[in-house]
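Okay, so here's the structure we're looking at.
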There are 2 protein chains.
Amino acid sequence: MTNAEMMTHERAAIVSIGDELILGQALDTNTHWLAQRLTERGIRVIEHATVDDDRARIDATLRRLAADVQCIVVTGGLGPTADDLTRQALADAMGQTLVEDPEGLAWLEAIERARGRTLTAQRRVQAQRPESASLIPNEHGTAPGIRGVVDDADVFCLPGPPREMRPMFEASVEPALRPPGGRVIRAELLRTFGLPESVVAERLGALMDRDANPTVGTTASGGVVTVRIRFEGAEAEAATAMEAACAQVRTLVGDVLFGEGETTVPAALVDALRTRGERVLVVESCTSGLIGAMIGSVPGASDVFLGGWLTYANAMKSAIVGVPPQWLDVPPGVPPVPGAVSAETAAAMAEGALRVAAERGIDAHHALSVTGVAGPGGGTDEKPVGTVFIARATRGEITDVRHFLIAGDRSDIRERSATTATGMLLHHLRGGTPDVMTWQMETT
Amino acid sequence: MTNAEMMTHERAAIVSIGDELILGQALDTNTHWLAQRLTERGIRVIEHATVDDDRARIDATLRRLAADVQCIVVTGGLGPTADDLTRQALADAMGQTLVEDPEGLAWLEAIERARGRTLTAQRRVQAQRPESASLIPNEHGTAPGIRGVVDDADVFCLPGPPREMRPMFEASVEPALRPPGGRVIRAELLRTFGLPESVVAERLGALMDRDANPTVGTTASGGVVTVRIRFEGAEAEAATAMEAACAQVRTLVGDVLFGEGETTVPAALVDALRTRGERVLVVESCTSGLIGAMIGSVPGASDVFLGGWLTYANAMKSAIVGVPPQWLDVPPGVPPVPGAVSAETAAAMAEGALRVAAERGIDAHHALSVTGVAGPGGGTDEKPVGTVFIARATRGEITDVRHFLIAGDRSDIRERSATTATGMLLHHLRGGTPDVMTWQMETT
């Protein structure tokens with residue numbers, strides 16, 4: 001029994017091999033998948049490395065990582081061609097030569113025989129392994145994996161195609177893992193919308209100390225600020241520590257929290273509407289369908305989503321949902337009127353939608369409208385690109401209209417506007433929308 | 001002038017930073033994109049490294065790679081919170097302390113002022129950089145990048161969100177690259193829509209031989225089949241070889257070609273409509289706004305896009321665009337009527353839109369409609385999930401309605417339906433839609 005066989009797999013690294021990855025011709029999804037699996041097992045991944053089909057560089061990478069981790073999972077470079085060099089590089093890193101594995105050879109020959117062919121010299125190299133290494137069976141392809149030991153680190157080499165790699169990992173690597181006894185990693189995502197990342201972080205305060213356990217971190221994307229809570233330690237303490245940290249986060253940012261894990265704002269909105277048996281309409285100008293597309297992307301949206309109007313052209317705003325035409329298309333120099341991008345027009349769009357629907361016997365509770373300047377053209381000093389007005393009209397209530405200045409390019413402005421519209425209604429249903437939301441101008 | 005400023009960027013490395021990447025919570029797409037861009041410029045990428053939010057490990061990774069390459073592009077870890085450590089780690093690797101950049105500070109303050117807020121201490125750290133480093137402007141977010149030198153390697157640190165990172169790379173990193181002279185890589189993308197990848201590949205035939213130069217390959221995504229043409233060799237031969245290969249491709253698949261580079265079907269449609277001075281409406285059921293969102297994503301869409309109706313609920317289909325209500329909501333056992341998902345309903349939606357618009361004095365030339373079963377529920381033996389009817393109605397012409405069975409999940413079906421709708425009108429304007437398009441049922 002070697003040291004590696006006794007040693008706990010405290011830390012791990014993942015190595016991907018291939019020119020096509022290094023040159024950006026193919027997107028590596030193996031590493032992401034392997035990182036999830038190792039983390040779930042309580043093994044701490046500290047690095048992902050991708051290197052080209054270069055024997056010396058693969059060798060050097062394995063040796064470097066073996067000094068720092070107890071487990072290395074390698075994908076790629078096990079094929080039969082001249083640019084498949086993982087086999088040789090592993091032998092170099094182990095300080096051994098390659099030998100032919102008799103069982104591996106018999107297995108390759110059997111595969112070829114079943115296809116009515118004989119094994120070529122080129123394919124035969126796939127039966128080779130470093131002297132003290134062993135082959136890992138592959139049920140879904142012709143490249144066996146290889147398991148060896150570099151320094152004291154276990155190295156598992158698997159082929160690159162995910163449909164071969166994944167079952168091999170599950171069948172042969174997972175059972176061989178030795179996660180730290182009782183030590184586990186637990187991670188939770190709590191999702192917030194409505195406040196900027198810096199405000200969320202300020203509220204979380206000392207919870208975000210880097211040496212706390214669980215650690216609490218934030219990431220922002222499209223206005224959604226995700227709070228990541230991550231525990232690393234004894235299994236017996238995991239549940240209590242995670243619950244305590246999650247409870248603290250809920251106390252500090254509960255007002256803008258809308259879900260866990262991968263939940264989206266539109267999905268949470270569909271749920272909240274369904275619970276109340278209420279239905280929503282949309283009236284979109286600069287977002288031109290994005291709010292409808294977001295709500296409609298949620299399976300089962302038809303329970304709560306009726307549809308709506310895309311009033312992109314001003315003629316549609318007046319002719320279809322009744323925005324007064326004299327508010328729109330204002331020639332320069334005329335005394336101030338609201339204009340197509342204004343709080344008044346946003347409110348008229350949302351209220352007009354509820355009115356038109358009622359006239360046609362359609363039972364809607366809420367309407368969300370957006371009008372704005374998504375750019376790149378169309379901005380003025382008074383209403384620069386990013387100026388967006390969003391209204392939520394609810395039957396029998398005063399309409400909530402807000403003025404935003406949204407950062408980013410056309411695509412950012414449109415997506416953030418659509419998410420903000422759904423977020424305004426979601427928070428309203430949940431008991432209250434923040435007074436000042438992300439990107440909102442304080443003086444409307 | 002330091003050594004780094006004179007040295008050719010022969011070799012490069014890409015570093016991604018973030019716990020969420022290392023743990024497999026987020027998929028890194030930046031590295032793939034950056035690898036493509038560096039490779040296109042003729043710079044040889046030799047390693048991608050992903051490390052967690054650990055100051056010492058980021059520092060060590062930068063130093064290690066700086067000994068081997070002349071250019072390092074780093075993404076992530078530039079936010080304002082305690083787990084954003086790229087700034088400090090770069091300073092460590094440069095052997096310097098962090099100082100506050102006065103221009104960066106003024107820029108951050110101006111952003112906050114424009115939003116009626118003052119800069120918090122937490123956000124203010126984003127103005128910091130190592131002493132001899134410089135900040136890289138960010139037009140799409142609030143985290144400036146940082147450019148420094150470690151050993152003799154240029155290090156460019158950019159924020160993680162792709163929408164910020166990509167334009168920053170193009171505006172500030174690409175112009176600073178110094179690729180080796182002589183040998184070049186040239187790549188062109190020609191984009192087709194309407195035929196399956198296998199048919200496009202068959203037509204291209206021998207052009208796709210792997211040892212040709214330029215090489216020709218295809219990739220399919222969402223119904224768009226992209227033909228990639230890639231030359232690698234002497235600069236003097238590049239233009240002639242690329243022109244000849246592109247001309248051959250145009251001859252073989254010209255009828256379904258709609259653009260070059262990153263052009264999308266909706267962008268080509270907006271161009272084609274603008275050239276003819278024509279305007280389009282949309283009427284969407286299962287896509288619930290995606291066609292409008294796609295067309296509206298094109299800058300300047302307002303020249304040609306009027307808006308439309310989201311008739312997600314059947315009540316909207318009949319009350320708003322006049323689909324006969326007795327066609328919809330059919331109880332089981334009643335003699336066959338078209339139903340909400342049918343060629344008849346799709347045609348009535350598109351024709352109804354043109355009629356309603358005309359009644360209100362809105363000058364529309366074309367209407368595109370979609371009705372279908374996007375799933376996961378709602379499929380029947382007769383109309384399984386993926387059944388989609390798409391109609392193009394054009395003033396004074398016979399409506400073109402087609403029956404599709406689209407592969408994929410809810411999101412695939414919706415996106416592919418929307419792209420197909422825009423593609424049907426695009427090819428009609430360009431002189432003819434293929435008789436049988438990708439996913440179309442031959443017997444309608």
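Going by the structure tokens order, chains are called A, B, ..., each with residues numbered from 1, while ligands are numbered from 1 in the order shown.
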
Chain A residues near chain B within 6 Å, closest pair each, using only C-alpha atoms, as a Markdown table:
```
| residue | atom | partner | partner_atom | distance |
| --- | --- | --- | --- | --- |
| A:Leu23 | CA | B:Ala35 | CA | 5.2 |
| A:Gly24 | CA | B:His32 | CA | 4.6 |
| A:His32 | CA | B:Gly24 | CA | 4.7 |
| A:Ala35 | CA | B:Gly24 | CA | 4.8 |
| A:Gln36 | CA | B:Gly24 | CA | 4.7 |
| A:Glu47 | CA | B:Val51 | CA | 4.8 |
| A:His48 | CA | B:Thr50 | CA | 4.8 |
| A:Ala49 | CA | B:Ala49 | CA | 4.5 |
| A:Thr50 | CA | B:His48 | CA | 4.8 |
| A:Val51 | CA | B:Glu47 | CA | 4.7 |
| A:Ser288 | CA | B:Ala293 | CA | 5.1 |
| A:Gly289 | CA | B:Gly289 | CA | 3.9 |
| A:Leu290 | CA | B:Ala293 | CA | 5.2 |
| A:Gly292 | CA | B:Gly289 | CA | 5.0 |
| A:Ala293 | CA | B:Gly289 | CA | 4.7 |
| A:Gly296 | CA | B:Ser288 | CA | 5.7 |
| A:Leu306 | CA | B:Ala313 | CA | 4.8 |
| A:Gly307 | CA | B:Leu310 | CA | 4.5 |
| A:Gly308 | CA | B:Leu310 | CA | 4.8 |
| A:Trp309 | CA | B:Trp309 | CA | 4.7 |
| A:Leu310 | CA | B:Gly307 | CA | 4.5 |
| A:Thr311 | CA | B:Gly307 | CA | 5.2 |
| A:Tyr312 | CA | B:Gly307 | CA | 4.7 |
| A:Ala313 | CA | B:Leu306 | CA | 4.8 |
| A:Gly408 | CA | B:His140 | CA | 4.5 |
| A:Met441 | CA | B:Arg115 | CA | 5.8 |
```

Pick out each residue of segment 380-419 of chain A that DSSP on the backbone tags as strand (DSSP E or B); I need them as a PyMOL selection string.
chain A and resi 387-394+400-405

What is the Cα root-mean-square deviation, to one decimal place in Å, for chain A superposed on chain B with all Cα atoms matched in order?
6.6 Å

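Distance check against Ala220 of chain A using only C-alpha atoms: of A:Val149, A:Thr438, A:Ala206, A:Ala238, the minimum falls on A:Thr438.
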